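Peer 1: Input file: input-v5.cif. Contents: mmCIF, C-alpha atoms.
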```cif
data_work
#
loop_
_atom_site.label_atom_id
_atom_site.label_comp_id
_atom_site.auth_asym_id
_atom_site.auth_seq_id
_atom_site.Cartn_x
_atom_site.Cartn_y
_atom_site.Cartn_z
CA VAL A 240 0.00 0.00 0.00
CA PRO A 241 1.57 3.31 -0.95
CA GLU A 242 2.22 5.53 2.06
CA ARG A 243 -0.15 8.50 2.01
CA SER A 244 1.34 11.86 2.70
CA THR A 245 0.16 12.92 6.16
CA LEU A 246 -0.69 16.42 5.11
CA GLY A 247 -0.90 18.34 8.38
CA ASN A 248 -1.04 14.89 10.04
CA THR A 249 -4.84 14.68 9.88
CA ASP A 250 -6.74 11.40 9.96
CA TYR A 251 -7.76 9.62 6.76
CA ALA A 252 -10.24 7.08 8.12
CA PHE A 253 -13.22 6.83 10.44
CA GLU A 254 -14.63 3.86 12.28
CA MET A 255 -18.25 3.01 13.06
CA ALA A 256 -18.86 1.36 16.44
CA ILE A 257 -22.31 0.83 17.96
CA SER A 258 -23.96 -1.54 20.38
CA ASN A 259 -26.48 -4.09 19.24
CA ILE A 260 -29.94 -2.61 19.65
CA ARG A 261 -33.29 -4.30 20.20
CA TYR A 262 -36.47 -2.25 19.98
CA GLY A 263 -40.07 -3.10 20.82
CA GLU A 264 -42.87 -2.51 23.32
CA GLY A 265 -42.35 -4.88 26.24
CA VAL A 266 -39.02 -6.21 24.94
CA THR A 267 -37.56 -5.87 28.48
CA LYS A 268 -39.13 -9.22 29.34
CA GLU A 269 -36.44 -10.92 27.20
CA ILE A 270 -33.53 -9.86 29.44
CA GLY A 271 -33.64 -13.00 31.57
CA MET A 272 -33.31 -15.12 28.43
CA ASP A 273 -30.44 -12.96 27.16
CA LEU A 274 -28.54 -13.51 30.40
CA GLN A 275 -29.28 -17.24 30.22
CA ASN A 276 -27.96 -17.28 26.64
CA LEU A 277 -24.78 -15.55 27.86
CA GLY A 278 -24.36 -18.20 30.57
CA ALA A 279 -24.38 -15.48 33.24
CA ARG A 280 -24.06 -16.81 36.81
CA ARG A 281 -23.67 -13.59 38.85
CA VAL A 282 -25.37 -10.48 37.48
CA CYS A 283 -25.08 -6.91 38.73
CA LEU A 284 -28.28 -4.86 38.27
CA MET A 285 -27.60 -1.12 38.50
CA THR A 286 -30.20 1.62 38.89
CA ASP A 287 -30.97 4.66 41.06
CA LYS A 288 -33.13 5.06 44.17
CA ASN A 289 -36.08 6.69 42.32
CA LEU A 290 -36.18 4.15 39.50
CA SER A 291 -35.86 1.16 41.82
CA LYS A 292 -39.54 1.72 42.71
CA LEU A 293 -40.79 2.27 39.12
CA PRO A 294 -42.13 -0.05 36.37
CA PRO A 295 -38.91 -0.34 34.27
CA VAL A 296 -36.91 -1.89 37.13
CA ASN A 297 -39.90 -4.02 38.03
CA ALA A 298 -40.05 -5.39 34.48
CA VAL A 299 -36.35 -6.34 34.65
CA LEU A 300 -36.71 -7.95 38.10
CA ASN A 301 -39.67 -10.01 36.86
CA SER A 302 -37.66 -11.28 33.89
CA LEU A 303 -34.63 -12.14 36.06
CA ALA A 304 -36.88 -14.03 38.50
CA LYS A 305 -38.72 -15.88 35.72
CA TYR A 306 -35.47 -17.22 34.25
CA GLY A 307 -33.79 -17.95 37.61
CA ILE A 308 -30.99 -15.41 37.17
CA ASN A 309 -28.81 -14.91 40.25
CA PHE A 310 -28.26 -11.15 40.71
CA GLN A 311 -27.34 -8.40 43.15
CA ILE A 312 -28.88 -4.95 42.94
CA TYR A 313 -26.97 -1.68 43.28
CA ASP A 314 -29.42 1.26 43.48
CA ASN A 315 -27.05 3.92 44.73
CA VAL A 316 -26.32 5.57 41.37
CA ARG A 317 -26.23 9.37 41.62
CA VAL A 318 -28.15 11.44 39.06
CA GLU A 319 -25.34 13.42 37.33
CA PRO A 320 -22.61 11.13 38.78
CA THR A 321 -19.35 12.28 40.39
CA ASP A 322 -15.93 10.63 40.60
CA GLN A 323 -16.90 9.57 44.14
CA SER A 324 -20.20 7.99 43.06
CA PHE A 325 -18.36 6.17 40.23
CA LEU A 326 -15.79 4.86 42.74
CA ASP A 327 -18.56 3.62 45.04
CA ALA A 328 -20.15 1.64 42.18
CA ILE A 329 -16.72 0.35 41.08
CA GLN A 330 -16.09 -0.92 44.62
CA PHE A 331 -19.42 -2.78 44.56
CA ALA A 332 -18.58 -4.33 41.16
CA LYS A 333 -15.11 -5.44 42.24
CA LYS A 334 -16.48 -7.11 45.39
CA GLY A 335 -19.30 -8.84 43.51
CA GLU A 336 -17.08 -10.53 40.90
CA PHE A 337 -19.94 -10.33 38.40
CA ASP A 338 -19.93 -11.96 34.99
CA ALA A 339 -22.61 -9.67 33.45
CA TYR A 340 -24.19 -6.27 34.09
CA VAL A 341 -27.64 -4.79 33.53
CA ALA A 342 -28.11 -1.00 33.73
CA VAL A 343 -31.68 0.30 34.03
CA GLY A 344 -31.98 4.09 33.90
CA GLY A 345 -30.91 7.25 32.14
CA GLY A 346 -27.40 8.19 31.10
CA SER A 347 -26.26 8.51 34.73
CA VAL A 348 -27.02 4.84 35.45
CA ILE A 349 -25.71 3.47 32.16
CA ASP A 350 -22.49 5.53 32.38
CA THR A 351 -21.90 4.45 36.00
CA CYS A 352 -22.37 0.82 35.00
CA LYS A 353 -19.89 1.18 32.10
CA ALA A 354 -17.27 2.54 34.53
CA ALA A 355 -17.96 -0.22 37.08
CA ASN A 356 -17.55 -2.88 34.38
CA LEU A 357 -14.32 -1.31 33.11
CA TYR A 358 -12.52 -0.99 36.46
CA ALA A 359 -13.75 -4.34 37.79
CA ALA A 360 -12.20 -5.91 34.66
CA SER A 361 -8.99 -3.95 35.22
CA PRO A 362 -8.40 -4.21 38.99
CA SER A 363 -4.84 -2.87 38.94
CA ALA A 364 -5.79 0.34 37.04
CA GLU A 365 -5.75 3.68 38.84
CA PHE A 366 -8.98 5.65 38.42
CA LEU A 367 -7.35 8.39 36.29
CA ASP A 368 -5.71 5.87 33.93
CA TYR A 369 -8.75 5.74 31.62
CA VAL A 370 -10.16 9.23 32.25
CA ASN A 371 -9.89 11.57 29.25
CA ALA A 372 -6.76 13.70 28.95
CA PRO A 373 -5.81 16.34 30.01
CA ILE A 374 -7.54 15.54 33.35
CA GLY A 375 -6.65 11.84 33.27
CA LYS A 376 -4.17 9.75 31.29
CA GLY A 377 -6.63 8.63 28.58
CA LYS A 378 -5.01 5.19 28.23
CA PRO A 379 -6.51 2.82 25.64
CA VAL A 380 -8.60 -0.03 27.07
CA THR A 381 -6.98 -3.40 26.29
CA VAL A 382 -8.71 -5.64 28.89
CA PRO A 383 -11.81 -7.70 27.95
CA LEU A 384 -15.00 -6.45 29.64
CA LYS A 385 -18.05 -8.43 30.77
CA PRO A 386 -21.34 -8.22 28.79
CA LEU A 387 -23.45 -5.16 29.69
CA ILE A 388 -27.13 -4.86 28.78
CA ALA A 389 -28.40 -1.25 28.92
CA VAL A 390 -32.10 -0.46 29.38
CA PRO A 391 -32.60 3.29 28.86
CA THR A 392 -35.55 4.88 30.69
CA THR A 393 -35.07 8.39 29.29
CA SER A 394 -34.97 9.55 25.68
CA GLY A 395 -31.83 11.57 25.70
CA THR A 396 -28.28 10.41 26.24
CA GLY A 397 -28.13 7.58 23.71
CA SER A 398 -25.75 6.02 26.25
CA GLU A 399 -27.04 2.55 25.31
CA THR A 400 -25.16 2.84 21.99
CA THR A 401 -21.97 4.75 22.92
CA GLY A 402 -18.55 4.13 24.41
CA VAL A 403 -18.65 7.20 26.66
CA ALA A 404 -19.19 7.59 30.43
CA ILE A 405 -19.45 11.11 31.86
CA PHE A 406 -19.00 12.25 35.48
CA ASP A 407 -18.34 15.37 37.62
CA PHE A 408 -14.72 15.57 38.77
CA LYS A 409 -15.39 17.29 42.09
CA GLU A 410 -11.88 18.51 42.84
CA LEU A 411 -11.76 20.61 39.66
CA LYS A 412 -15.54 21.27 39.59
CA VAL A 413 -15.64 20.10 36.01
CA LYS A 414 -17.30 17.30 34.08
CA THR A 415 -15.11 14.87 32.22
CA GLY A 416 -15.40 11.21 31.30
CA ILE A 417 -14.04 8.03 29.83
CA ALA A 418 -14.29 7.50 26.07
CA SER A 419 -13.48 4.15 24.51
CA ARG A 420 -15.26 1.83 22.08
CA ALA A 421 -14.45 -0.98 24.54
CA ILE A 422 -16.95 0.23 27.15
CA LYS A 423 -20.03 0.44 24.92
CA PRO A 424 -22.89 -1.84 26.01
CA THR A 425 -23.20 -5.27 24.42
CA LEU A 426 -26.93 -4.71 23.89
CA GLY A 427 -29.29 -1.76 24.23
CA ILE A 428 -32.89 -2.71 25.06
CA ILE A 429 -35.06 0.12 23.75
CA ASP A 430 -38.50 -0.44 25.24
CA PRO A 431 -40.82 2.53 24.64
CA LEU A 432 -43.05 1.46 27.56
CA HIS A 433 -40.34 2.81 29.88
CA THR A 434 -40.82 6.36 28.63
CA LEU A 435 -44.40 6.50 29.92
CA SER A 436 -43.25 7.07 33.51
CA MET A 437 -41.11 10.11 32.57
CA PRO A 438 -42.30 13.47 33.98
CA GLU A 439 -42.71 16.43 31.61
CA ARG A 440 -39.43 18.28 32.34
CA VAL A 441 -37.42 15.07 32.18
CA VAL A 442 -38.87 14.45 28.70
CA ALA A 443 -37.99 18.04 27.71
CA ASN A 444 -34.43 18.08 29.04
CA SER A 445 -33.56 14.63 27.73
CA GLY A 446 -35.05 15.64 24.36
CA PHE A 447 -32.80 18.73 24.27
CA ASP A 448 -29.82 16.40 24.63
CA VAL A 449 -30.97 14.49 21.53
CA LEU A 450 -31.41 17.80 19.69
CA CYS A 451 -27.87 18.93 20.49
CA HIS A 452 -26.32 15.51 19.84
CA ALA A 453 -27.78 15.65 16.33
CA LEU A 454 -26.90 19.30 15.64
CA GLU A 455 -23.36 19.10 17.03
CA SER A 456 -22.39 15.84 15.35
CA TYR A 457 -23.76 17.06 11.99
CA THR A 458 -21.81 20.35 12.22
CA ALA A 459 -18.63 18.91 13.80
CA LEU A 460 -15.21 19.18 12.18
CA PRO A 461 -15.03 16.55 9.38
CA TYR A 462 -13.12 13.38 10.38
CA ASN A 463 -10.41 13.95 7.74
CA GLN A 464 -9.59 17.38 9.18
CA ARG A 465 -9.10 16.04 12.72
CA GLY A 466 -5.55 15.48 13.88
CA PRO A 467 -3.33 13.85 14.82
CA CYS A 468 -3.64 10.76 12.68
CA PRO A 469 -3.24 7.81 15.11
CA SER A 470 -0.17 5.64 14.72
CA ASN A 471 -2.27 2.64 15.84
CA PRO A 472 -6.03 2.16 15.28
CA ILE A 473 -6.57 1.54 19.02
CA SER A 474 -5.68 5.21 19.53
CA ARG A 475 -8.29 6.53 17.11
CA PRO A 476 -10.69 8.44 19.37
CA ALA A 477 -14.32 7.42 19.86
CA TYR A 478 -15.25 10.97 18.77
CA GLN A 479 -13.77 11.30 15.29
CA GLY A 480 -15.54 14.24 13.65
CA SER A 481 -18.49 14.31 11.26
CA ASN A 482 -18.49 11.57 8.65
CA PRO A 483 -20.86 10.25 5.98
CA VAL A 484 -22.35 7.52 8.19
CA SER A 485 -22.92 9.57 11.34
CA ASP A 486 -24.45 12.35 9.19
CA VAL A 487 -27.28 10.01 8.17
CA TRP A 488 -28.14 9.20 11.80
CA ALA A 489 -27.83 12.80 13.00
CA LEU A 490 -30.18 14.17 10.34
CA HIS A 491 -32.71 11.39 10.89
CA ALA A 492 -32.71 12.04 14.65
CA LEU A 493 -33.15 15.77 14.03
CA ARG A 494 -36.22 15.14 11.84
CA ILE A 495 -37.80 13.02 14.58
CA VAL A 496 -37.09 15.69 17.22
CA ALA A 497 -38.71 18.32 14.99
CA LYS A 498 -41.80 16.18 14.55
CA TYR A 499 -42.27 14.57 17.96
CA LEU A 500 -40.45 16.35 20.84
CA LYS A 501 -43.13 18.97 21.52
CA ARG A 502 -45.84 16.31 21.40
CA ALA A 503 -43.92 14.00 23.75
CA ILE A 504 -43.48 16.81 26.29
CA ARG A 505 -47.02 18.13 26.16
CA ASN A 506 -48.92 14.87 26.27
CA PRO A 507 -47.63 11.97 28.41
CA GLU A 508 -50.30 9.74 26.83
CA ASP A 509 -48.91 10.30 23.30
CA ARG A 510 -47.30 6.89 22.96
CA GLU A 511 -46.34 7.44 19.33
CA ALA A 512 -44.38 10.61 20.18
CA ARG A 513 -42.67 9.07 23.20
CA ALA A 514 -41.76 5.89 21.32
CA ASN A 515 -40.27 7.91 18.47
CA MET A 516 -38.21 10.08 20.84
CA HIS A 517 -36.90 6.91 22.49
CA LEU A 518 -35.67 5.74 19.09
CA ALA A 519 -34.37 9.21 18.18
CA SER A 520 -32.17 9.10 21.26
CA ALA A 521 -30.52 5.90 19.99
CA PHE A 522 -30.24 7.26 16.43
CA ALA A 523 -28.53 10.43 17.64
CA GLY A 524 -26.35 8.24 19.89
CA ILE A 525 -25.12 6.31 16.87
CA GLY A 526 -24.34 9.63 15.16
CA PHE A 527 -22.57 11.47 17.96
CA GLY A 528 -21.09 8.29 19.47
CA ASN A 529 -18.83 8.18 16.42
CA ALA A 530 -18.70 11.79 15.19
CA GLY A 531 -18.64 13.43 18.60
CA VAL A 532 -20.16 16.65 19.90
CA HIS A 533 -18.52 20.06 20.23
CA LEU A 534 -19.12 23.42 21.92
CA CYS A 535 -22.63 23.03 23.41
CA HIS A 536 -21.40 19.96 25.25
CA GLY A 537 -17.94 21.32 26.05
CA MET A 538 -19.50 24.43 27.61
CA SER A 539 -22.26 22.46 29.35
CA TYR A 540 -19.88 20.60 31.64
CA PRO A 541 -18.92 23.61 33.80
CA ILE A 542 -22.57 24.82 33.68
CA SER A 543 -23.52 21.55 35.41
CA GLY A 544 -20.38 21.32 37.54
CA LEU A 545 -20.56 24.83 39.04
CA VAL A 546 -24.29 24.69 39.86
CA LYS A 547 -25.20 26.78 42.92
CA THR A 548 -28.76 26.34 44.17
CA TYR A 549 -30.78 25.49 41.05
CA LYS A 550 -33.22 22.60 41.53
CA PRO A 551 -35.19 21.67 38.41
CA LYS A 552 -38.89 20.89 38.38
CA ASP A 553 -39.81 17.18 38.12
CA TYR A 554 -36.42 15.89 39.40
CA ASP A 555 -36.58 14.13 42.75
CA VAL A 556 -33.02 14.81 43.98
CA ASP A 557 -31.51 16.01 47.26
CA HIS A 558 -28.78 18.14 45.65
CA SER A 559 -28.63 21.18 43.37
CA LEU A 560 -28.64 20.09 39.76
CA VAL A 561 -28.69 21.47 36.23
CA PRO A 562 -30.02 18.57 34.12
CA HIS A 563 -27.54 17.69 31.39
CA GLY A 564 -29.88 18.40 28.46
CA LEU A 565 -30.72 21.84 29.87
CA SER A 566 -27.05 22.73 30.41
CA VAL A 567 -26.37 21.78 26.78
CA VAL A 568 -29.27 23.54 25.06
CA LEU A 569 -28.99 26.93 26.82
CA THR A 570 -25.84 27.82 24.85
CA SER A 571 -27.06 26.38 21.53
CA PRO A 572 -28.32 29.63 19.92
CA ALA A 573 -25.01 31.40 20.64
CA VAL A 574 -22.89 28.39 19.65
CA PHE A 575 -24.47 27.80 16.24
CA ALA A 576 -24.46 31.51 15.42
CA PHE A 577 -20.69 31.29 16.07
CA THR A 578 -19.90 28.04 14.20
CA ALA A 579 -22.07 28.70 11.12
CA GLN A 580 -19.44 30.59 9.15
CA ILE A 581 -17.90 27.13 8.60
CA HIS A 582 -20.31 24.86 6.68
CA PRO A 583 -23.18 27.41 6.69
CA GLU A 584 -25.20 25.15 4.38
CA ARG A 585 -25.35 22.47 7.12
CA HIS A 586 -26.56 25.01 9.65
CA LEU A 587 -29.22 26.23 7.20
CA GLU A 588 -30.35 22.66 6.49
CA ALA A 589 -30.73 22.05 10.25
CA ALA A 590 -32.78 25.26 10.63
CA GLU A 591 -35.08 24.13 7.83
CA ILE A 592 -35.62 20.72 9.45
CA LEU A 593 -36.54 22.50 12.69
CA GLY A 594 -39.18 24.56 10.88
CA ALA A 595 -37.46 27.67 9.48
CA ASP A 596 -38.59 28.97 6.09
CA ILE A 597 -35.31 29.28 4.19
CA ARG A 598 -36.68 29.98 0.70
CA THR A 599 -35.30 33.53 0.64
CA ALA A 600 -32.48 32.97 3.15
CA ARG A 601 -28.95 34.12 2.40
CA ILE A 602 -26.24 31.57 3.13
CA LYS A 603 -24.29 34.11 5.22
CA ASP A 604 -27.27 34.41 7.60
CA ALA A 605 -27.33 30.66 8.32
CA GLY A 606 -26.09 31.03 11.91
CA LEU A 607 -28.58 33.73 12.86
CA ILE A 608 -31.44 31.78 11.26
CA LEU A 609 -30.57 28.59 13.16
CA ALA A 610 -30.10 30.57 16.41
CA ASP A 611 -33.51 32.24 16.04
CA THR A 612 -35.15 28.91 15.19
CA LEU A 613 -33.67 27.35 18.35
CA ARG A 614 -34.76 30.32 20.51
CA LYS A 615 -38.33 30.03 19.25
CA PHE A 616 -38.27 26.25 19.85
CA LEU A 617 -37.08 26.74 23.46
CA PHE A 618 -39.47 29.61 24.14
CA ASP A 619 -42.42 27.46 22.99
CA LEU A 620 -41.35 24.81 25.51
CA ASN A 621 -41.04 27.18 28.52
CA VAL A 622 -37.28 26.75 28.86
CA ASP A 623 -35.52 28.92 31.47
CA ASP A 624 -34.42 32.26 29.99
CA GLY A 625 -30.70 31.57 29.69
CA LEU A 626 -27.91 31.00 32.19
CA ALA A 627 -29.06 33.93 34.35
CA ALA A 628 -32.33 32.09 35.04
CA ILE A 629 -30.47 29.08 36.49
CA GLY A 630 -28.31 31.16 38.81
CA TYR A 631 -25.32 32.44 36.82
CA SER A 632 -24.16 36.03 36.26
CA LYS A 633 -21.40 37.78 34.30
CA ALA A 634 -19.15 37.37 37.36
CA ASP A 635 -19.20 33.58 36.79
CA ILE A 636 -17.97 33.75 33.19
CA PRO A 637 -14.21 33.37 33.99
CA ALA A 638 -14.94 30.20 36.01
CA LEU A 639 -17.20 28.84 33.26
CA VAL A 640 -14.48 29.46 30.66
CA LYS A 641 -11.87 27.83 32.90
CA GLY A 642 -14.12 24.77 33.22
CA THR A 643 -14.52 24.55 29.43
CA LEU A 644 -10.80 24.64 28.61
CA PRO A 645 -10.03 21.04 29.74
CA GLN A 646 -12.84 19.71 27.48
CA GLU A 647 -10.52 19.48 24.47
CA ARG A 648 -11.85 16.06 23.51
CA VAL A 649 -15.01 17.82 22.34
CA THR A 650 -14.10 21.51 21.90
CA LYS A 651 -11.46 20.56 19.32
CA LEU A 652 -14.27 19.09 17.20
CA SER A 653 -15.88 22.50 16.79
CA PRO A 654 -15.70 23.38 13.10
CA ARG A 655 -14.49 26.85 14.13
CA PRO A 656 -11.57 27.08 16.57
CA GLN A 657 -12.25 29.28 19.58
CA THR A 658 -10.17 31.44 21.91
CA GLU A 659 -10.84 32.11 25.60
CA GLU A 660 -12.31 35.47 24.52
CA ASP A 661 -14.67 33.66 22.13
CA LEU A 662 -15.83 31.35 24.94
CA SER A 663 -16.41 34.35 27.25
CA ALA A 664 -18.52 36.02 24.55
CA LEU A 665 -20.54 32.80 24.02
CA PHE A 666 -21.29 32.47 27.75
CA GLU A 667 -22.23 36.15 27.89
CA ALA A 668 -24.57 35.79 24.89
CA SER A 669 -26.20 32.80 26.62
CA MET A 670 -27.07 34.67 29.86
CA LYS A 671 -30.43 35.66 28.35
CA LEU A 672 -32.14 33.91 25.44
CA TYR A 673 -35.35 35.78 24.74
#
```
Before anything else, please render the file you have as structure tokens.
Peer 2:
Amino acid sequence: VPERSTLGNTDYAFEMAISNIRYGEGVTKEIGMDLQNLGARRVCLMTDKNLSKLPPVNAVLNSLAKYGINFQIYDNVRVEPTDQSFLDAIQFAKKGEFDAYVAVGGGSVIDTCKAANLYAASPSAEFLDYVNAPIGKGKPVTVPLKPLIAVPTTSGTGSETTGVAIFDFKELKVKTGIASRAIKPTLGIIDPLHTLSMPERVVANSGFDVLCHALESYTALPYNQRGPCPSNPISRPAYQGSNPVSDVWALHALRIVAKYLKRAIRNPEDREARANMHLASAFAGIGFGNAGVHLCHGMSYPISGLVKTYKPKDYDVDHSLVPHGLSVVLTSPAVFAFTAQIHPERHLEAAEILGADIRTARIKDAGLILADTLRKFLFDLNVDDGLAAIGYSKADIPALVKGTLPQERVTKLSPRPQTEEDLSALFEASMKLY
């Protein structure tokens, strides 16, 4: 094979990695059989305190009992996990010597279970060994993991399809994570019945995560402009930049969001809308799980990590919390107005899918059109009026910028490079939306 010139040392290939997915109403009842088929003898069932009392966990427990599966339950997962809550779950997994895992919950539960599986399979690893650089060492995962079946109960993170686990690193007050194809679930069980117990704001905030996953992965830096080119395929990052396969999934997810998100939020009985959003979450997960996200997510991590007293409606938690989807979407109008000068036609296409009339639009106005479309979308759904409404002020901007800087894994995928001054301006523009 002739050596290609590594012009600027950018990558020349992308890789598509997703979990197996099974979709269908009531499909959760098959989990006991799946574990039997895997020959599982000791299963770890992970969830959180709220969910442990709700129908999705009940459905899993019934299936495990029916097929005689021996399991232990860990229901101490923290909503928006921290390094400490990860370590607690890891400790449980190491002690249990499990040969399979089942995660029932939103992204917090599935991500915690991925981390528990990883470190239990790698007992000599230090916690920071696998955490993304520059906070951790970002080492590649070379140990075999146990099978993990993920049962999402929200329609947002797409965590059932991705090799990413996100947590709050308390010491630095910043969110970071672990990103490796090796930690993606073996199987994602997408059962739309589980979405029927979601309260209105949980549907909204998880839906905003799907929206931003789709928008960010579609507008991300193309894979063949991302550097450096890895010397070994194991070092190719999970988030590789936009590519022809992830584009298909991102656009499809965006169309579903445009059609069904408002319906799913406004009417809990609208099973068609909720089922479609549950699928859209997985579709967007396939897109961003390979392409990656960029500035909305990079900037969202300090917005969540530096939360003061904000407690969202419909979340039964004992700590202040900015739900992940809300922290992501509040900067989206400012971010896409900023990135649109690169690939404006993609930004315009996204605005059209979300309902903008672009018949007389000028290509140079793409960013403003998409920003206005997003503002209208959020206003219609009663979203808090910017960062000021969730407790931030201009005085917090330096800390928010400082918390964004370590998020290079995603910020470097922005199609338009940004300085600290640019980030300050984006946070300032996101203080008020309407």
Peer 1: Could you work out how far CA of Ala332 (chain A) lies from CA of Asn276 (chain A), giving the answer in Å with one decimal?
Peer 2: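 Taking CA of Asn276 (chain A) as the start and CA of Ala332 (chain A) as the end point, the length is 21.6 Å.
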Peer 1: Output the residue selection produced by the PyMOL selection byres ((chain A and resi 652-669) around 6) on the file above, formatted as a list in words.
Peer 2: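 On the file shown, the PyMOL selection byres ((chain A and resi 652-669) around 6) covers Ala459, Leu460, His533, Thr570, Ala573, Thr578, Gly625, Val649, Thr650, Lys651, Met670 and Lys671 of chain A.
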Peer 1: Please tabulate, as a tab-separated table, the residues of region 349-399 of chain A that come within 10 Å of region 497-517 of chain A, each with its closest pair of atoms and the distance in Å to one decimal, counting all atoms listed in the file and ordering rows by chain, then residue number upward.
Peer 2:
```
residue	atom	partner	partner_atom	distance
A:Pro391	CA	A:His517	CA	8.5
A:Thr392	CA	A:His517	CA	8.6
A:Thr393	CA	A:His517	CA	7.2
A:Ser394	CA	A:His517	CA	4.6
A:Gly395	CA	A:His517	CA	7.6
A:Gly397	CA	A:His517	CA	8.9
```
Peer 1: If the PyMOL selection byres ((chain A and resi 523-525) around 10) were run on this exact file, what residues would it hold? Put them as a PyMOL selection string.
Peer 2: chain A and resi 255-258+395-402+448-454+456-457+484-493+518-522+526-531
Peer 1: What's the 7 Å shell around Ala576 (chain A), counting only C-alpha atoms, without same-chain residues fewer than 6 positions away, as a PDB file with C-alpha atoms, in the coordinates of the input?
Peer 2:
```pdb
ATOM      1  CA  GLY A 606     -26.090  31.030  11.910  1.00  0.00           C
ATOM      2  CA  LEU A 607     -28.580  33.730  12.860  1.00  0.00           C
ATOM      3  CA  ALA A 610     -30.100  30.570  16.410  1.00  0.00           C
TER       4      ALA A 610
END
```
Peer 1: With 5 Å of padding per side, what axis-aligned box (centre and edge lengths, Å, one decimal) covers all the listed atoms of region 298-302 of chain A? Give it as lines of an AutoDock Vina configuration file.
Peer 2:
```
center_x = -38.2
center_y = -8.3
center_z = 36.0
size_x = 13.7
size_y = 15.9
size_z = 14.2
```
Peer 1: Please write the residues picked by the PyMOL selection byres ((chain A and resi 547) around 10) on this file as a list in words.
Peer 2: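 Applying the PyMOL selection byres ((chain A and resi 547) around 10) to the structure shown produces Ile542, Ser543, Gly544, Leu545, Val546, Thr548, Tyr549, Lys550, His558, Ser559, Leu560, Val561, Ile629, Gly630 and Tyr631 of chain A.
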Peer 1: Separation of CA of Thr434 (chain A) and CA of Val556 (chain A), in Å?
Peer 2: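 Those two atoms sit 19.2 Å apart.
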Peer 1: Quick one: residues within 8 Å of Asp322 (chain A), all atoms listed in the file counted, chain neighbours fewer than 5 positions away excluded, as a PyMOL selection string?
Peer 2: chain A and resi 406-409
Peer 1: Would you pick out the contacts of Ala421 (chain A) at 10 Å or less, using only C-alpha atoms, so that residues sharing its chain but fewer than 6 positions from it are not included, and give the list as a CSV table (one decimal) with C-alpha atoms, in the frame of the given file?
Peer 2:
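Contents of out31.csv, as written:
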```csv
chain,number,residue,atom,x,y,z
A,256,ALA,CA,-18.9,1.4,16.4
A,353,LYS,CA,-19.9,1.2,32.1
A,357,LEU,CA,-14.3,-1.3,33.1
A,379,PRO,CA,-6.5,2.8,25.6
A,380,VAL,CA,-8.6,0.0,27.1
A,381,THR,CA,-7.0,-3.4,26.3
A,382,VAL,CA,-8.7,-5.6,28.9
A,383,PRO,CA,-11.8,-7.7,28.0
A,384,LEU,CA,-15.0,-6.4,29.6
A,401,THR,CA,-22.0,4.8,22.9
A,402,GLY,CA,-18.6,4.1,24.4
A,403,VAL,CA,-18.6,7.2,26.7
A,473,ILE,CA,-6.6,1.5,19.0
A,477,ALA,CA,-14.3,7.4,19.9
```
Peer 1: May I ask which of the residues A:Ala443, A:Leu435, A:Pro472, A:Leu593 is the closest one to Ile495 (chain A), counting only C-alpha atoms?
Peer 2: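 Using only C-alpha atoms, the shortest distance to Ile495 (chain A) belongs to A:Leu593.
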Peer 1: So that I can check the surroundings of Leu277 (chain A), please list as an mmCIF file with C-alpha atoms, in the coordinates of the input every protein, DNA and RNA residue that reaches within 12 Å of it, counting only C-alpha atoms and ignoring chain neighbours fewer than 6 positions away.
Peer 2:
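Once everything was written out, this is part_20.cif:
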```cif
data_model
loop_
_atom_site.group_PDB
_atom_site.id
_atom_site.type_symbol
_atom_site.label_atom_id
_atom_site.label_comp_id
_atom_site.auth_asym_id
_atom_site.auth_seq_id
_atom_site.Cartn_x
_atom_site.Cartn_y
_atom_site.Cartn_z
ATOM 1 C CA ILE A 270 -33.530 -9.860 29.440
ATOM 2 C CA GLY A 271 -33.640 -13.000 31.570
ATOM 3 C CA ILE A 308 -30.990 -15.410 37.170
ATOM 4 C CA ASP A 338 -19.930 -11.960 34.990
ATOM 5 C CA ALA A 339 -22.610 -9.670 33.450
ATOM 6 C CA TYR A 340 -24.190 -6.270 34.090
ATOM 7 C CA LYS A 385 -18.050 -8.430 30.770
ATOM 8 C CA PRO A 386 -21.340 -8.220 28.790
ATOM 9 C CA LEU A 387 -23.450 -5.160 29.690
ATOM 10 C CA ILE A 388 -27.130 -4.860 28.780
ATOM 11 C CA THR A 425 -23.200 -5.270 24.420
ATOM 12 C CA LEU A 426 -26.930 -4.710 23.890
#
```
Peer 1: Between CA of Asp430 (chain A) and CA of Phe331 (chain A), what is the distance in Å, rounded to a tenth?
Peer 2: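 The value is 27.3 Å.
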Peer 1: When you count all atoms listed in the file, which of these residues is closest to Thr351 (chain A): A:Ser324, A:Gln330, A:Gln580, A:Thr643?
Peer 2: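 Nearest to Thr351 (chain A): A:Ser324.
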Peer 1: Excluding Leu293 (chain A) and any residue of its chain fewer than 2 positions from it, enumerate the residues within 12 Å of it, using only C-alpha atoms, and give them as a list in words.
Peer 2: Thr286, Asp287, Lys288, Asn289, Leu290, Ser291, Pro295, Val296, Asn297, Ala298, Val299, Leu300, Val343, Gly344, Thr392, Leu432, His433, Thr434, Leu435, Ser436 and Met437 of chain A
Peer 1: Calculated over all atoms listed in the file, which of the candidates A:Asn463, A:Thr458, A:Asn309, A:Gln479 has the smallest distance to Arg280 (chain A)?
Peer 2: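 Between A:Asn463, A:Thr458, A:Asn309, A:Gln479, the residue approaching Arg280 (chain A) most closely is A:Asn309.
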Peer 1: Nearest to Val568 (chain A): which of A:Gly446, A:Gly263, A:Gly594, A:Pro476 is it, counting all atoms listed in the file?
Peer 2: A:Gly446
